[in-house]
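Here is the structure we will look at.
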Amino acid sequence: MPLLLFAVLQPVHALPRGFGDIAFGLSREEVGSLLFEDPNFNYRGDPDVQFLPMREQVVIDTAGFDFIRRGYFQFHGNLLYSIILSLNSQEIDYFSMFERLSELYGPPIDLDPRRVIWEDNTTRLTLERPLEVKYLDLVVFRQLQNVEAIRRSDRVRAREEFLDQF
């Protein structure tokens, strides 16, 4: 896409809050039901669900069909907040995805050889090489970052208090 044309592109649509009918804020059960019905995925139910104990989060990891190689759906508090779609590079290419996302959402806020990012106040959409599309609920992500920062500061304080005993 010529740079001049790219510079005048305006977003046609707001950033999506998920992929298709699978939207942020849905429960694991709701997402599972939608995955069963979605022709893009080969969801089998509980065998595709994993628990990440260190992060108190659940992930649905499922195979896809045709254009999607794998889909990862991450939950916090049983609500969806992150989607990663690994696309099949035999069926679709990075540049086609970049063009389509730029047509829909306008110029990205960040562009480098490894990834492209579109973002608003609540959603981040990332296209990464070799060929992944990532959707992130920024509201939940920021809350998780704050919790992690508090845990780290508590750990640093506990370490200092331990060292003060000597």
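Residue numbering restarts at 1 for every chain of the structure tokens, chains are lettered A, B, ... in their displayed order, and ligands are numbered from 1 as they appear.
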
Which of stretch 10-126 of chain A fall in alpha helix (DSSP H), as a list of chain:residue names | A:Arg28, A:Glu29, A:Glu30, A:Val31, A:Gly32, A:Ser33, A:Leu34, A:Leu35, A:Phe36, A:Glu37, A:Tyr94, A:Phe95, A:Ser96, A:Met97, A:Phe98, A:Glu99, A:Arg100, A:Leu101, A:Ser102, A:Glu103, A:Leu104, A:Tyr105

Can those selected residues be exported to a file as a compact mmCIF listing (two decimals), in the first residue's frame so that it contains N, CA and C atoms?
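For reference, again05.txt as written:
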```
# COMPACT_ATOMS: atom_id res chain seq x y z
N ARG A 28 -16.00 -19.20 30.19
CA ARG A 28 -15.37 -20.35 29.54
C ARG A 28 -16.43 -21.25 28.92
N GLU A 29 -17.54 -21.44 29.62
CA GLU A 29 -18.61 -22.30 29.12
C GLU A 29 -19.22 -21.70 27.86
N GLU A 30 -19.45 -20.39 27.86
CA GLU A 30 -20.02 -19.73 26.68
C GLU A 30 -19.07 -19.81 25.49
N VAL A 31 -17.79 -19.57 25.74
CA VAL A 31 -16.80 -19.65 24.67
C VAL A 31 -16.73 -21.09 24.14
N GLY A 32 -16.73 -22.07 25.04
CA GLY A 32 -16.71 -23.46 24.62
C GLY A 32 -17.89 -23.80 23.72
N SER A 33 -19.07 -23.34 24.08
CA SER A 33 -20.27 -23.60 23.25
C SER A 33 -20.12 -22.97 21.87
N LEU A 34 -19.61 -21.74 21.84
CA LEU A 34 -19.42 -21.07 20.55
C LEU A 34 -18.35 -21.75 19.70
N LEU A 35 -17.30 -22.24 20.36
CA LEU A 35 -16.24 -22.94 19.62
C LEU A 35 -16.76 -24.24 19.00
N PHE A 36 -17.64 -24.95 19.71
CA PHE A 36 -18.23 -26.17 19.16
C PHE A 36 -18.95 -25.88 17.85
N GLU A 37 -19.62 -24.73 17.78
CA GLU A 37 -20.43 -24.38 16.62
C GLU A 37 -19.65 -23.67 15.53
N TYR A 94 0.80 -12.91 5.57
CA TYR A 94 0.92 -11.77 6.48
C TYR A 94 0.46 -10.48 5.81
N PHE A 95 0.91 -10.23 4.59
CA PHE A 95 0.58 -8.97 3.93
C PHE A 95 -0.93 -8.85 3.68
N SER A 96 -1.60 -9.93 3.32
CA SER A 96 -3.05 -9.90 3.13
C SER A 96 -3.76 -9.54 4.42
N MET A 97 -3.29 -10.11 5.53
CA MET A 97 -3.88 -9.79 6.83
C MET A 97 -3.62 -8.32 7.18
N PHE A 98 -2.41 -7.86 6.94
CA PHE A 98 -2.07 -6.46 7.22
C PHE A 98 -2.97 -5.52 6.41
N GLU A 99 -3.13 -5.79 5.13
CA GLU A 99 -3.98 -4.95 4.29
C GLU A 99 -5.42 -4.93 4.79
N ARG A 100 -5.94 -6.11 5.12
CA ARG A 100 -7.34 -6.19 5.57
C ARG A 100 -7.54 -5.45 6.89
N LEU A 101 -6.65 -5.66 7.85
CA LEU A 101 -6.78 -4.98 9.14
C LEU A 101 -6.63 -3.48 9.00
N SER A 102 -5.74 -3.03 8.11
CA SER A 102 -5.56 -1.59 7.86
C SER A 102 -6.81 -1.00 7.21
N GLU A 103 -7.43 -1.73 6.28
CA GLU A 103 -8.67 -1.26 5.66
C GLU A 103 -9.76 -1.07 6.71
N LEU A 104 -9.86 -2.03 7.62
CA LEU A 104 -10.92 -2.00 8.63
C LEU A 104 -10.67 -1.00 9.75
N TYR A 105 -9.42 -0.95 10.24
CA TYR A 105 -9.14 -0.22 11.48
C TYR A 105 -8.21 0.97 11.30
```

Near A:Leu136, counting only C-alpha atoms, which residues have an atom at most 12 Å away, once you skip same-chain residues fewer than 2 positions from it, shown as a PyMOL selection string?
-> chain A and resi 15-19+23-25+72-75+80-85+117-127+133-134+138-142

With distances taken over only C-alpha atoms, which of A:Gly20, A:Gly71, A:Gly77, A:Gly45 is nearest to A:Val58?
-> A:Gly77
